[in-house]
Structure formats: C-alpha cells, structure tokens
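Asks: Handing over input.cif, mmCIF, C-alpha atoms.
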```
data_input
loop_
_atom_site.label_atom_id
_atom_site.label_comp_id
_atom_site.auth_asym_id
_atom_site.auth_seq_id
_atom_site.Cartn_x
_atom_site.Cartn_y
_atom_site.Cartn_z
CA MET A 1381 -39.99 20.96 -7.69
CA MET A 1382 -39.93 19.90 -4.06
CA ALA A 1383 -36.73 19.42 -2.12
CA PHE A 1384 -36.01 16.39 0.07
CA GLY A 1385 -34.09 16.53 3.34
CA PRO A 1386 -31.80 13.79 4.68
CA GLY A 1387 -33.88 10.90 5.99
CA ALA A 1388 -36.88 11.67 3.78
CA SER A 1389 -38.79 8.60 2.58
CA VAL A 1390 -39.09 8.69 -1.18
CA ARG A 1391 -40.32 6.52 -4.01
CA VAL A 1392 -38.73 6.34 -7.42
CA LYS A 1393 -41.44 7.07 -10.00
CA ASP A 1394 -42.81 3.98 -11.66
CA ASP A 1395 -42.50 5.60 -15.03
CA TRP A 1396 -41.15 4.06 -18.26
CA PRO A 1397 -40.33 6.80 -20.77
CA GLU A 1398 -38.48 4.16 -22.79
CA THR A 1399 -41.89 2.90 -23.94
CA ARG A 1400 -42.76 6.29 -25.37
CA GLY A 1401 -39.81 6.92 -27.65
CA PRO A 1402 -36.05 7.45 -27.81
CA CYS A 1403 -34.64 8.72 -24.54
CA HIS A 1404 -31.63 8.49 -22.23
CA ILE A 1405 -32.54 7.74 -18.64
CA ARG A 1406 -30.05 7.40 -15.78
CA THR A 1407 -32.58 6.03 -13.28
CA PRO A 1408 -31.95 2.26 -13.28
CA HIS A 1409 -34.84 -0.02 -14.28
CA TYR A 1410 -34.42 -2.08 -11.11
CA LEU A 1411 -35.34 0.95 -8.97
CA ARG A 1412 -38.47 2.12 -10.77
CA GLY A 1413 -41.31 2.17 -8.26
CA MET A 1414 -39.02 1.31 -5.33
CA ARG A 1415 -39.06 3.00 -1.90
CA GLY A 1416 -35.88 4.41 -0.40
CA GLN A 1417 -34.49 6.99 1.97
CA VAL A 1418 -32.65 10.16 1.06
CA VAL A 1419 -29.13 10.17 2.50
CA ARG A 1420 -28.11 13.60 1.25
CA ARG A 1421 -28.42 16.13 -1.50
CA LEU A 1422 -25.36 15.90 -3.73
CA GLY A 1423 -25.78 19.20 -5.57
CA GLU A 1424 -27.29 20.43 -8.83
CA PHE A 1425 -26.31 19.11 -12.23
CA ALA A 1426 -27.51 19.50 -15.80
CA ASN A 1427 -30.18 16.97 -16.75
CA PRO A 1428 -28.44 14.14 -18.63
CA GLU A 1429 -31.71 13.23 -20.36
CA ASP A 1430 -31.35 16.43 -22.40
CA LEU A 1431 -27.55 16.56 -22.62
CA ALA A 1432 -27.63 13.17 -24.31
CA PHE A 1433 -29.54 14.65 -27.26
CA GLY A 1434 -27.64 17.91 -27.42
CA ARG A 1435 -30.65 19.81 -26.08
CA PRO A 1436 -30.43 22.69 -23.60
CA ALA A 1437 -30.37 21.04 -20.18
CA GLN A 1438 -31.79 22.44 -16.95
CA ARG A 1439 -29.90 21.97 -13.71
CA ARG A 1440 -31.67 19.55 -11.40
CA ALA A 1441 -31.05 18.54 -7.78
CA LEU A 1442 -29.28 15.20 -7.43
CA TYR A 1443 -29.85 13.03 -4.33
CA HIS A 1444 -28.06 10.05 -2.86
CA VAL A 1445 -30.84 7.59 -2.02
CA ALA A 1446 -30.47 4.37 -0.03
CA PHE A 1447 -32.56 1.29 -0.77
CA GLU A 1448 -32.74 -1.93 1.25
CA GLN A 1449 -31.62 -4.93 -0.78
CA PRO A 1450 -34.53 -7.23 0.20
CA GLY A 1451 -37.00 -4.63 -1.05
CA VAL A 1452 -35.37 -4.59 -4.47
CA TRP A 1453 -34.39 -8.24 -4.99
CA HIS A 1454 -36.20 -11.41 -3.90
CA ASP A 1455 -32.99 -12.85 -2.52
CA GLY A 1456 -31.55 -9.61 -1.17
CA ARG A 1457 -29.93 -9.95 2.24
CA ALA A 1458 -31.42 -8.06 5.18
CA GLY A 1459 -29.15 -5.23 6.26
CA ASP A 1460 -27.53 -4.88 2.85
CA ALA A 1461 -28.22 -1.70 0.90
CA LEU A 1462 -27.97 0.02 -2.45
CA LEU A 1463 -26.92 3.67 -2.62
CA VAL A 1464 -27.79 5.36 -5.90
CA GLU A 1465 -27.72 8.90 -7.35
CA ILE A 1466 -31.25 9.85 -8.39
CA PHE A 1467 -32.41 13.18 -9.85
CA GLU A 1468 -35.18 15.10 -8.11
CA HIS A 1469 -37.65 14.74 -10.95
CA TRP A 1470 -37.61 10.96 -10.52
CA LEU A 1471 -38.54 11.11 -6.81
CA GLU A 1472 -41.84 11.58 -5.05
CA PRO A 1473 -42.61 11.54 -1.32
CA ALA A 1474 -43.41 8.08 0.07
CA MET B 1266 -24.74 -11.45 -17.88
CA CYS B 1267 -24.95 -13.25 -14.54
CA GLU B 1268 -21.88 -15.31 -15.22
CA PRO B 1269 -18.37 -15.55 -13.75
CA VAL B 1270 -16.31 -12.40 -13.98
CA ASP B 1271 -12.99 -12.49 -15.82
CA THR B 1272 -10.91 -10.88 -13.09
CA GLU B 1273 -7.68 -10.91 -15.11
CA PRO B 1274 -6.17 -7.60 -16.15
CA HIS B 1275 -6.34 -6.91 -19.88
CA ALA B 1276 -3.92 -4.34 -21.26
CA LEU B 1277 -5.33 -1.51 -23.33
CA THR B 1278 -4.34 -1.47 -26.99
CA ASP B 1279 -3.23 1.59 -28.93
CA PHE B 1280 -6.68 1.62 -30.53
CA ASP B 1281 -8.31 1.72 -27.08
CA ARG B 1282 -6.13 4.60 -25.90
CA GLU B 1283 -6.68 6.61 -29.06
CA VAL B 1284 -10.47 6.23 -28.98
CA ASP B 1285 -10.46 7.21 -25.31
CA ALA B 1286 -8.28 10.24 -26.07
CA LEU B 1287 -10.47 11.23 -29.01
CA ARG B 1288 -13.55 11.27 -26.79
CA GLN B 1289 -11.70 13.43 -24.27
CA VAL B 1290 -10.57 15.94 -26.91
CA LEU B 1291 -14.08 16.15 -28.39
CA SER B 1292 -15.44 16.77 -24.90
CA LEU B 1293 -12.83 19.43 -24.11
CA LYS B 1294 -13.69 21.17 -27.39
CA GLY B 1295 -17.39 21.19 -26.46
CA LEU B 1296 -18.29 18.97 -29.42
CA MET B 1297 -19.55 15.89 -27.61
CA THR B 1298 -20.58 15.13 -24.04
CA VAL B 1299 -20.23 11.86 -22.17
CA ASP B 1300 -24.04 11.78 -22.14
CA GLU B 1301 -24.07 11.78 -25.95
CA LEU B 1302 -21.49 8.99 -25.91
CA ARG B 1303 -23.72 6.93 -23.63
CA ARG B 1304 -26.83 7.56 -25.73
CA GLY B 1305 -24.96 6.51 -28.84
CA ILE B 1306 -23.85 3.28 -27.18
CA GLU B 1307 -27.38 2.57 -25.92
CA ALA B 1308 -28.61 3.00 -29.52
CA ILE B 1309 -26.41 0.18 -30.83
CA PRO B 1310 -28.64 -2.75 -31.88
CA GLU B 1311 -28.38 -5.61 -29.40
CA ASP B 1312 -26.62 -8.11 -31.68
CA ALA B 1313 -23.98 -5.61 -32.68
CA TYR B 1314 -23.60 -4.44 -29.09
CA HIS B 1315 -22.61 -7.89 -27.87
CA GLN B 1316 -20.18 -8.44 -30.74
CA LEU B 1317 -18.34 -5.18 -30.28
CA SER B 1318 -15.56 -4.69 -27.76
CA TYR B 1319 -15.81 -1.79 -25.32
CA TYR B 1320 -13.90 0.78 -27.35
CA ARG B 1321 -15.41 -0.36 -30.61
CA ARG B 1322 -18.77 0.61 -29.10
CA TRP B 1323 -17.27 3.98 -28.28
CA ILE B 1324 -15.98 4.68 -31.82
CA ARG B 1325 -19.34 3.65 -33.24
CA SER B 1326 -21.12 6.04 -30.85
CA ILE B 1327 -18.63 8.84 -31.52
CA THR B 1328 -19.14 8.41 -35.28
CA ASP B 1329 -22.93 8.33 -34.87
CA THR B 1330 -22.93 11.48 -32.73
CA LEU B 1331 -20.56 13.47 -34.95
CA LEU B 1332 -22.65 12.57 -38.00
CA ARG B 1333 -25.91 13.52 -36.27
CA LYS B 1334 -24.48 16.85 -35.21
CA GLY B 1335 -22.99 17.59 -38.61
CA VAL B 1336 -19.44 17.83 -37.29
CA VAL B 1337 -18.59 15.47 -40.12
CA THR B 1338 -20.81 14.49 -43.04
CA GLU B 1339 -21.42 10.97 -44.26
CA ALA B 1340 -19.98 11.91 -47.65
CA GLU B 1341 -16.77 13.16 -46.06
CA LEU B 1342 -16.51 10.04 -43.95
CA ARG B 1343 -17.07 7.68 -46.89
CA THR B 1344 -14.35 9.51 -48.81
CA GLY B 1345 -12.05 9.24 -45.80
CA LEU B 1346 -12.76 5.51 -45.49
CA GLU B 1347 -12.06 4.93 -49.17
CA ARG B 1348 -8.74 6.69 -48.85
CA GLY B 1349 -8.00 4.27 -46.03
CA MET C 1353 -24.10 -0.73 -45.67
CA ASN C 1354 -24.83 1.36 -42.65
CA ILE C 1355 -21.67 3.38 -42.23
CA LEU C 1356 -21.77 2.78 -38.47
CA GLU C 1357 -21.17 -0.92 -39.12
CA THR C 1358 -17.72 -0.14 -40.55
CA ASP C 1359 -14.84 -1.77 -38.68
CA GLY C 1360 -13.92 0.40 -35.72
CA GLU C 1361 -10.22 0.65 -36.54
CA LYS C 1362 -11.09 1.97 -40.02
CA LEU C 1363 -13.55 4.45 -38.52
CA LEU C 1364 -10.90 5.72 -36.13
CA ILE C 1365 -8.34 6.25 -38.90
CA ALA C 1366 -10.85 8.04 -41.12
CA LEU C 1367 -12.20 10.21 -38.29
CA ARG C 1368 -8.72 11.15 -37.11
CA GLY C 1369 -7.85 12.29 -40.62
CA LEU C 1370 -11.06 14.30 -41.02
CA LEU C 1371 -10.88 15.91 -37.60
CA ALA C 1372 -7.23 16.84 -38.10
CA GLU C 1373 -8.08 18.45 -41.47
CA LYS C 1374 -10.87 20.41 -39.80
CA GLY C 1375 -8.55 21.58 -37.00
CA ILE C 1376 -10.72 19.84 -34.41
CA ALA C 1377 -8.36 17.16 -33.13
CA SER C 1378 -4.71 16.91 -34.11
CA SER C 1379 -2.41 13.94 -33.56
CA ALA C 1380 -0.49 16.06 -31.06
CA GLU C 1381 -3.65 16.75 -29.05
CA LEU C 1382 -4.54 13.07 -28.96
CA ALA C 1383 -1.02 12.13 -27.91
CA GLU C 1384 -1.15 14.73 -25.15
CA ARG C 1385 -4.42 13.35 -23.80
CA ILE C 1386 -3.02 9.83 -23.82
CA ALA C 1387 0.02 10.99 -21.85
CA ILE C 1388 -2.10 12.89 -19.33
CA THR C 1389 -4.50 9.97 -18.88
CA ASP C 1390 -1.60 7.57 -18.36
CA ARG C 1391 -0.40 9.61 -15.39
CA ALA C 1392 -3.42 8.67 -13.30
CA SER C 1393 -3.19 5.25 -11.67
CA PRO C 1394 -4.30 3.26 -8.61
CA GLY C 1395 -1.10 4.49 -6.95
CA GLN C 1396 -2.62 7.96 -6.70
CA GLY C 1397 -5.63 6.59 -4.87
CA ALA C 1398 -3.38 4.50 -2.64
CA ARG C 1399 -1.52 7.64 -1.56
CA MET C 1400 -4.83 9.28 -0.65
CA VAL C 1401 -5.90 6.23 1.36
CA ALA C 1402 -2.57 6.06 3.20
CA ARG C 1403 -2.76 9.77 4.03
CA ALA C 1404 -6.30 9.32 5.35
CA TRP C 1405 -5.13 6.44 7.53
CA VAL C 1406 -2.49 8.54 9.27
CA ASP C 1407 -4.10 12.00 9.23
CA PRO C 1408 -7.63 12.36 10.70
CA ASP C 1409 -8.07 15.86 9.23
CA PHE C 1410 -7.25 14.59 5.74
CA ARG C 1411 -9.59 11.66 6.29
CA ALA C 1412 -12.38 14.07 7.18
CA LEU C 1413 -11.61 16.19 4.09
CA MET C 1414 -11.56 13.13 1.85
CA LEU C 1415 -15.00 12.08 3.06
CA GLU C 1416 -16.40 15.60 2.92
CA ASP C 1417 -14.94 16.71 -0.45
CA GLY C 1418 -13.02 14.07 -2.36
CA THR C 1419 -12.07 16.45 -5.15
CA ARG C 1420 -10.38 18.90 -2.79
CA ALA C 1421 -8.63 16.04 -1.01
CA ALA C 1422 -7.25 14.76 -4.33
CA GLU C 1423 -6.08 18.25 -5.25
CA ALA C 1424 -4.39 18.55 -1.86
CA MET C 1425 -2.35 15.49 -2.85
CA GLY C 1426 -1.31 17.13 -6.12
CA ILE C 1427 -3.72 15.15 -8.30
CA PRO C 1428 -5.09 17.34 -11.15
CA MET C 1429 -8.89 17.43 -10.90
CA ARG C 1430 -9.80 20.47 -13.05
CA GLY C 1431 -12.62 19.54 -15.39
CA ALA C 1432 -13.00 16.14 -13.73
CA PRO C 1433 -16.34 15.00 -12.33
CA PRO C 1434 -16.78 15.43 -8.55
CA LEU C 1435 -15.09 12.67 -6.53
CA GLY C 1436 -17.08 10.98 -3.75
CA VAL C 1437 -15.40 8.77 -1.16
CA LEU C 1438 -17.17 6.05 0.80
CA GLU C 1439 -15.59 4.79 4.00
CA ASN C 1440 -15.62 1.15 4.98
CA THR C 1441 -16.42 0.62 8.67
CA PRO C 1442 -16.49 -2.43 10.92
CA ASP C 1443 -20.16 -2.92 10.02
CA THR C 1444 -20.37 -1.63 6.43
CA HIS C 1445 -18.41 -2.65 3.35
CA ASN C 1446 -18.83 -0.58 0.18
CA LEU C 1447 -18.78 -1.89 -3.39
CA VAL C 1448 -18.78 0.49 -6.37
CA VAL C 1449 -20.37 -0.39 -9.70
CA CYS C 1450 -21.81 1.43 -12.71
CA THR C 1451 -24.70 -0.69 -13.95
CA LEU C 1452 -25.52 1.71 -16.77
CA CYS C 1453 -22.07 2.05 -18.31
CA SER C 1454 -18.63 2.18 -16.63
CA CYS C 1455 -18.37 5.40 -14.60
CA TYR C 1456 -15.13 5.28 -12.65
CA PRO C 1457 -12.95 7.80 -10.75
CA ARG C 1458 -10.50 7.99 -13.66
CA ALA C 1459 -8.90 11.27 -12.68
CA VAL C 1460 -7.54 9.57 -9.56
CA LEU C 1461 -7.30 5.87 -10.39
CA GLY C 1462 -6.73 5.94 -14.17
CA TYR C 1463 -8.47 3.67 -16.69
CA PRO C 1464 -11.03 1.29 -15.16
CA PRO C 1465 -10.03 -2.38 -15.07
CA PHE C 1466 -11.42 -4.64 -17.82
CA TRP C 1467 -13.65 -6.54 -15.38
CA TYR C 1468 -15.26 -3.36 -14.02
CA LYS C 1469 -16.64 -2.65 -17.50
CA SER C 1470 -17.90 -6.20 -18.09
CA ALA C 1471 -21.59 -7.11 -18.38
CA ALA C 1472 -21.13 -9.72 -15.65
CA TYR C 1473 -19.72 -7.26 -13.10
CA ARG C 1474 -22.31 -4.63 -13.88
CA ALA C 1475 -25.21 -7.07 -13.61
CA ARG C 1476 -24.04 -8.96 -10.53
CA GLY C 1477 -22.70 -6.02 -8.52
CA VAL C 1478 -26.16 -4.81 -7.51
CA ARG C 1479 -27.88 -8.22 -7.39
CA ASP C 1480 -25.30 -10.51 -5.82
CA PRO C 1481 -22.48 -8.44 -4.32
CA ARG C 1482 -21.25 -11.19 -1.99
CA GLY C 1483 -21.13 -13.76 -4.78
CA LEU C 1484 -19.34 -11.23 -6.94
CA ILE C 1485 -16.57 -10.31 -4.49
CA ALA C 1486 -16.11 -14.01 -3.77
CA GLU C 1487 -14.66 -14.20 -7.31
CA TRP C 1488 -11.70 -12.34 -5.78
CA GLY C 1489 -11.68 -14.58 -2.74
CA THR C 1490 -13.21 -11.86 -0.60
CA VAL C 1491 -15.48 -13.05 2.19
CA LEU C 1492 -16.82 -10.54 4.67
CA PRO C 1493 -17.05 -11.40 8.38
CA ASP C 1494 -20.50 -12.14 9.85
CA GLY C 1495 -22.40 -9.02 10.78
CA VAL C 1496 -20.79 -6.85 8.08
CA HIS C 1497 -23.36 -5.37 5.72
CA ILE C 1498 -22.69 -4.52 2.08
CA GLN C 1499 -23.64 -1.18 0.56
CA VAL C 1500 -23.53 -1.31 -3.24
CA VAL C 1501 -23.01 2.13 -4.74
CA ASP C 1502 -24.35 2.41 -8.30
CA SER C 1503 -22.67 5.35 -10.09
CA THR C 1504 -25.58 6.65 -12.09
CA ALA C 1505 -24.91 10.38 -12.34
CA ASP C 1506 -22.25 13.06 -12.00
CA PHE C 1507 -20.18 11.76 -9.10
CA ARG C 1508 -17.37 9.23 -9.40
CA TRP C 1509 -16.97 7.02 -6.34
CA MET C 1510 -14.04 5.34 -4.66
CA VAL C 1511 -13.82 3.38 -1.44
CA LEU C 1512 -11.70 4.30 1.57
CA PRO C 1513 -10.89 0.83 2.93
CA MET C 1514 -10.19 0.14 6.59
CA ARG C 1515 -6.60 0.15 7.73
CA PRO C 1516 -5.55 -3.44 8.39
CA ALA C 1517 -4.40 -4.60 11.81
CA GLY C 1518 -0.66 -4.92 12.30
CA THR C 1519 0.23 -1.66 10.53
CA ALA C 1520 0.37 0.76 13.45
CA ALA C 1521 4.10 1.41 13.09
CA TRP C 1522 4.08 1.75 9.28
CA ASN C 1523 4.87 4.97 7.48
CA GLU C 1524 2.66 6.39 4.71
CA GLU C 1525 4.75 4.98 1.88
CA ARG C 1526 4.52 1.46 3.25
CA LEU C 1527 0.81 1.85 3.89
CA ALA C 1528 0.21 3.05 0.31
CA SER C 1529 2.10 0.03 -1.03
CA ILE C 1530 -0.55 -2.40 0.24
CA VAL C 1531 -3.56 -0.53 -1.20
CA ARG C 1532 -4.59 -2.05 -4.53
CA GLU C 1533 -7.01 -0.97 -7.25
CA GLY C 1534 -9.59 -3.53 -6.12
CA ASP C 1535 -9.51 -2.24 -2.53
CA MET C 1536 -10.69 1.17 -3.74
CA ILE C 1537 -13.56 -0.35 -5.73
CA GLY C 1538 -14.55 -2.78 -2.97
CA VAL C 1539 -13.89 -6.20 -4.50
CA THR C 1540 -11.00 -6.77 -2.10
CA VAL C 1541 -9.73 -5.43 1.24
CA PRO C 1542 -6.10 -4.56 1.98
CA ALA C 1543 -3.99 -6.93 4.03
CA ALA C 1544 -0.84 -6.21 5.99
CA ILE C 1545 1.58 -8.24 3.89
#
```
Can you dump the structure from the file as structure tokens?
Replies:
Amino acid sequence: MMAFGPGASVRVKDDWPETRGPCHIRTPHYLRGMRGQVVRRLGEFANPEDLAFGRPAQRRALYHVAFEQPGVWHDGRAGDALLVEIFEHWLEPA
Amino acid sequence: MCEPVDTEPHALTDFDREVDALRQVLSLKGLMTVDELRRGIEAIPEDAYHQLSYYRRWIRSITDTLLRKGVVTEAELRTGLERG
Amino acid sequence: MNILETDGEKLLIALRGLLAEKGIASSAELAERIAITDRASPGQGARMVARAWVDPDFRALMLEDGTRAAEAMGIPMRGAPPLGVLENTPDTHNLVVCTLCSCYPRAVLGYPPFWYKSAAYRARGVRDPRGLIAEWGTVLPDGVHIQVVDSTADFRWMVLPMRPAGTAAWNEERLASIVREGDMIGVTVPAAI
C-alpha cells in the first residue's frame, strides 16, 4: 500500500461497501469520492472494519486529511475546512 | 437531524453510568471492543434507534455482541430476565 | 420477541447478574470504573490549557503529543486513545465533532456533554458549523476560518483555545477558571470575566 506525504493530493475512494453486505466503515459518506490534502500521517492502527466483527485486524496507516468546505457542501464557505482521519486503504492519489 | 441543538446539560443517571462502566470493564477484559459496540449500535433498526436513548442503544449493542460471541447464551439471558 | 428489544434497564440487571456469576464483571469492578471515570472532568482540560498559555514548552508538547502532555499534568492516560490537540489561531477556529458516533477525549474531559452526542450536533457540525456555534451565541470575527475536525478513528481531539485579552497578569489557577468544556470542543471561546 502506498504512503502519502504531507501535502499530497488525495481522493477518498468512491466506494460503497455498505451496498454489498454488513460492514462497519469509518470513512464518512459525505467524503466518498472527495478530493483533499494530506496534513500528516497519524500513525498505524488496527483496521476498525475487522475489529468491529471480532476478526483479526491488520494495522493500517491513518492520515489526517483536509478538505475544503465548498468542495464538500453546496453552501460551504470558502476558506473553511474539514479535517478528518482517513485510513490509507480509503485513499488514492489525486 | 438538522434542527436546533438542546445545549442544556443533562445529568447522567445511575443506569447511564453503569452501562458506561460495563462497556469499559468488558473492554479491559478483552471481551468487547469499542468497534464492536459501534457496529452493534449501527445494526439497530432505524425506528428502534430513534426511540432509544443513548445508553439504551449501548446496552442493546452490548447484549447483541455478547450473545453473538457466546459470552452469554440467549437461554441464560432469558432465565436471568425471568428472575428479574 | 427479539430479546434485544427487552427494556434496557432489565437487560442491564440481567447481564450484571450473569456476568458476575461468570466472574467477568463484578459489582465492585463496575463501581471502581464509575469512580475512575468520574475523576475526569473539564477542569483537567482547563488546567492543561492554562499551562499551555503560560508555558511555551508545554504548549509545544501539548500540540506535538497530547497524551504525554496530559500525563505531565498527572492525568492518567494508560489504555486511553491517543489525544490530539488543535490550536485556535487568529485566523483559524477549530470545532470538534464525531459524526459517526460520539468520540470524545474522555480521559481528560470526562463524559461528553448530552448535546455533543445528539443527532443535531453531529449532523450540523460538519455542514453548518457557524450556524451550530451560534446556538451558543458564538460569532467568529470576519476573516476567521473554521476547521471542523471529525473524529472518525483512533484519536480523540480537544481544542486549545486562544488566551483572551486582558489576562496577562493572571496566574494559572485564574486562567484555568475561565476555560469551560465548550471552549475545548470549539462551540465557545473563553472570555476574561
């Protein structure tokens, strides 16, 4: 899995595992498919998607990613931002 | 959902504190993670979800998880409920 | 009837009995957790904020490693999720929310407030942060941007608010006394009262 450095432009995968069966996803719906910028790598943590079902969970890199509000919401104000923890497997280069 | 926020403080009840403590003890004993708690809450049918208070969602999720993992059985729980 | 639909208070009583019988969770263990949890409170966070206001090295530590900063103040953090601290600046105001559930820096601040866990707060925090904080009478000056921090994973976030004007001569204790729970979530800012 690729690593992202601070400042990297990323896109949250436009994927909807919820449509394929029971799951537990910590990537908010409102960010799926959205572009953002990596602020920093927060560390490595066990994948909550597996922990939630009592399955063995691999450690995955967790990133703090910034998104501009107008890109996410129609009435978002320019200059305002969202800062959200996103796991590496939900990010692709943009 | 997009409605005014009730900004008043609401004191926790004994029930709230005990459910919270129970989740902590189960976590410390390695029997249930916060992720399992969240999954169990997300699995609550929508009608029931909106009718239940915060900690009533927790106890429902805790029960669901402990049953699924076989920490307690449904038979044991029914007996316990009958005893009251 | 689906057993999960049983009244929550009855479920708690029955589970407590079963888990005690099985040696999994005794009444004493539950009581101990309640007592430990009750020790955390916004006052702990306020002491951290006041220390950061007077001590630049502590401020730097708090922003770099919130967990270590809390421990340096005598706040037990063993087993707690990592603590992240976001500083408010003259051009950026931070607001913390957990849209997915109610993640909160409990080890420092104690139980989250009722409103923080509400559907309205969780929905509006990310979509309409200015409208939301206006419910507390908070209006940000022109030119100040909002950064909404959605706690989706392992970190728990608190805000380091800006030190209000008119407090230059205050000691730490007096500074801590004006820092409220809401200031460390971002729905309010401290005032020199």
Asks: Find the spatial neighbours of range 1300-1306 of chain B, counting only C-alpha atoms, within a cut-off of 9 Å - ignore same-chain residues fewer than 2 positions away - and output them as a list in words.
Replies: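 Selected residues are Cys1403, His1404, Pro1428, Glu1429, Asp1430, Leu1431, Ala1432, Phe1433 and Gly1434 of chain A; Arg1288, Met1297, Thr1298, Ala1308, Ile1309, Tyr1314, Arg1322, Trp1323, Arg1325, Ser1326, Ile1327, Thr1328, Asp1329 and Thr1330 of chain B; Leu1452 and Cys1453 of chain C.
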Asks: Could you expand the PyMOL selection byres ((chain A) within 7 of (chain C)) into the explicit residues it covers here, written as a ChimeraX atom specification?
Replies: /A:1406,1453,1459-1465
Asks: Using C-alpha atoms, can you export the residues from the last selection as a PDB file, in the coordinates of the input?
Replies:
```pdb
ATOM      1  CA  ARG A1406     -30.050   7.400 -15.780  1.00  0.00           C
ATOM      2  CA  TRP A1453     -34.390  -8.240  -4.990  1.00  0.00           C
ATOM      3  CA  GLY A1459     -29.150  -5.230   6.260  1.00  0.00           C
ATOM      4  CA  ASP A1460     -27.530  -4.880   2.850  1.00  0.00           C
ATOM      5  CA  ALA A1461     -28.220  -1.700   0.900  1.00  0.00           C
ATOM      6  CA  LEU A1462     -27.970   0.020  -2.450  1.00  0.00           C
ATOM      7  CA  LEU A1463     -26.920   3.670  -2.620  1.00  0.00           C
ATOM      8  CA  VAL A1464     -27.790   5.360  -5.900  1.00  0.00           C
ATOM      9  CA  GLU A1465     -27.720   8.900  -7.350  1.00  0.00           C
TER      10      GLU A1465
END
```
Asks: With the file shown as input, list the residues that the PyMOL selection byres ((chain C) within 8 of (chain B)) selects, as a compact mmCIF listing (two decimals) with C-alpha atoms, in the frame of the given file.
Replies:
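Dumped everything to result06.txt:
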```txt
# COMPACT_ATOMS: atom_id res chain seq x y z
CA ILE C 1355 -21.67 3.38 -42.23
CA LEU C 1356 -21.77 2.78 -38.47
CA GLU C 1357 -21.17 -0.92 -39.12
CA GLY C 1360 -13.92 0.40 -35.72
CA GLU C 1361 -10.22 0.65 -36.54
CA LYS C 1362 -11.09 1.97 -40.02
CA LEU C 1363 -13.55 4.45 -38.52
CA LEU C 1364 -10.90 5.72 -36.13
CA ILE C 1365 -8.34 6.25 -38.90
CA ALA C 1366 -10.85 8.04 -41.12
CA LEU C 1367 -12.20 10.21 -38.29
CA GLY C 1369 -7.85 12.29 -40.62
CA LEU C 1370 -11.06 14.30 -41.02
CA ILE C 1376 -10.72 19.84 -34.41
CA ALA C 1377 -8.36 17.16 -33.13
CA GLU C 1381 -3.65 16.75 -29.05
CA LEU C 1382 -4.54 13.07 -28.96
CA ALA C 1383 -1.02 12.13 -27.91
CA ARG C 1385 -4.42 13.35 -23.80
CA ILE C 1386 -3.02 9.83 -23.82
CA CYS C 1453 -22.07 2.05 -18.31
CA PRO C 1465 -10.03 -2.38 -15.07
CA PHE C 1466 -11.42 -4.64 -17.82
CA TRP C 1467 -13.65 -6.54 -15.38
CA LYS C 1469 -16.64 -2.65 -17.50
CA SER C 1470 -17.90 -6.20 -18.09
CA ALA C 1471 -21.59 -7.11 -18.38
CA ALA C 1472 -21.13 -9.72 -15.65
CA TYR C 1473 -19.72 -7.26 -13.10
CA ALA C 1475 -25.21 -7.07 -13.61
CA ARG C 1476 -24.04 -8.96 -10.53
CA LEU C 1484 -19.34 -11.23 -6.94
CA GLU C 1487 -14.66 -14.20 -7.31
CA TRP C 1488 -11.70 -12.34 -5.78
```
Asks: Record the distance separating CA of Ala1421 in chain C and CA of Asn1440 in chain C, expressed in Å with one decimal.
Replies: 17.5 Å
Asks: Can you pull out the residues contacting range 1397-1408 of chain C? Cut-off 10 Å, using all atoms listed in the file, and skip same-chain residues under 5 positions away; I want them as JSON, numbers by chain.
Replies: {"C": [1392, 1413, 1414, 1415, 1418, 1421, 1422, 1424, 1425, 1427, 1457, 1459, 1460, 1461, 1462, 1510, 1511, 1512, 1513, 1514, 1515, 1516, 1520, 1522, 1523, 1524, 1525, 1526, 1527, 1528, 1529, 1530, 1531, 1532, 1533, 1535, 1536]}
Asks: Choose the residue, out of A:Gly1456, A:Pro1450, A:Ala1383, A:Ala1437, that has the smallest atom-to-atom separation from chain B; count only C-alpha atoms.
Replies: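 Between A:Gly1456, A:Pro1450, A:Ala1383, A:Ala1437, the residue approaching chain B most closely is A:Ala1437.
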Asks: Have a look at CA of Pro1442 in chain C and CA of Pro1408 in chain A and let me know their distance in Å, one decimal.
Replies: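 Separation between CA of Pro1442 in chain C and CA of Pro1408 in chain A: 29.1 Å.
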Asks: Quick check, in Å to one decimal: how far apart do CA of Ala1486 in chain C and CA of Met1414 in chain A lie?
Replies: 27.6 Å
Asks: Rank nothing, just name the residue among A:Pro1436, A:Gly1423, A:Pro1402, A:Gly1451 nearest to chain B, using all atoms listed in the file.
Replies: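 Answer, going by the shortest atom-to-atom distance: A:Pro1402.
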Asks: Under the rule that only C-alpha atoms are counted, which of A:His1444, A:Arg1435, A:His1469, A:Lys1393 is the nearest residue to chain B?
Replies: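 When distances to chain B are compared using only C-alpha atoms, the smallest one comes from A:Arg1435.
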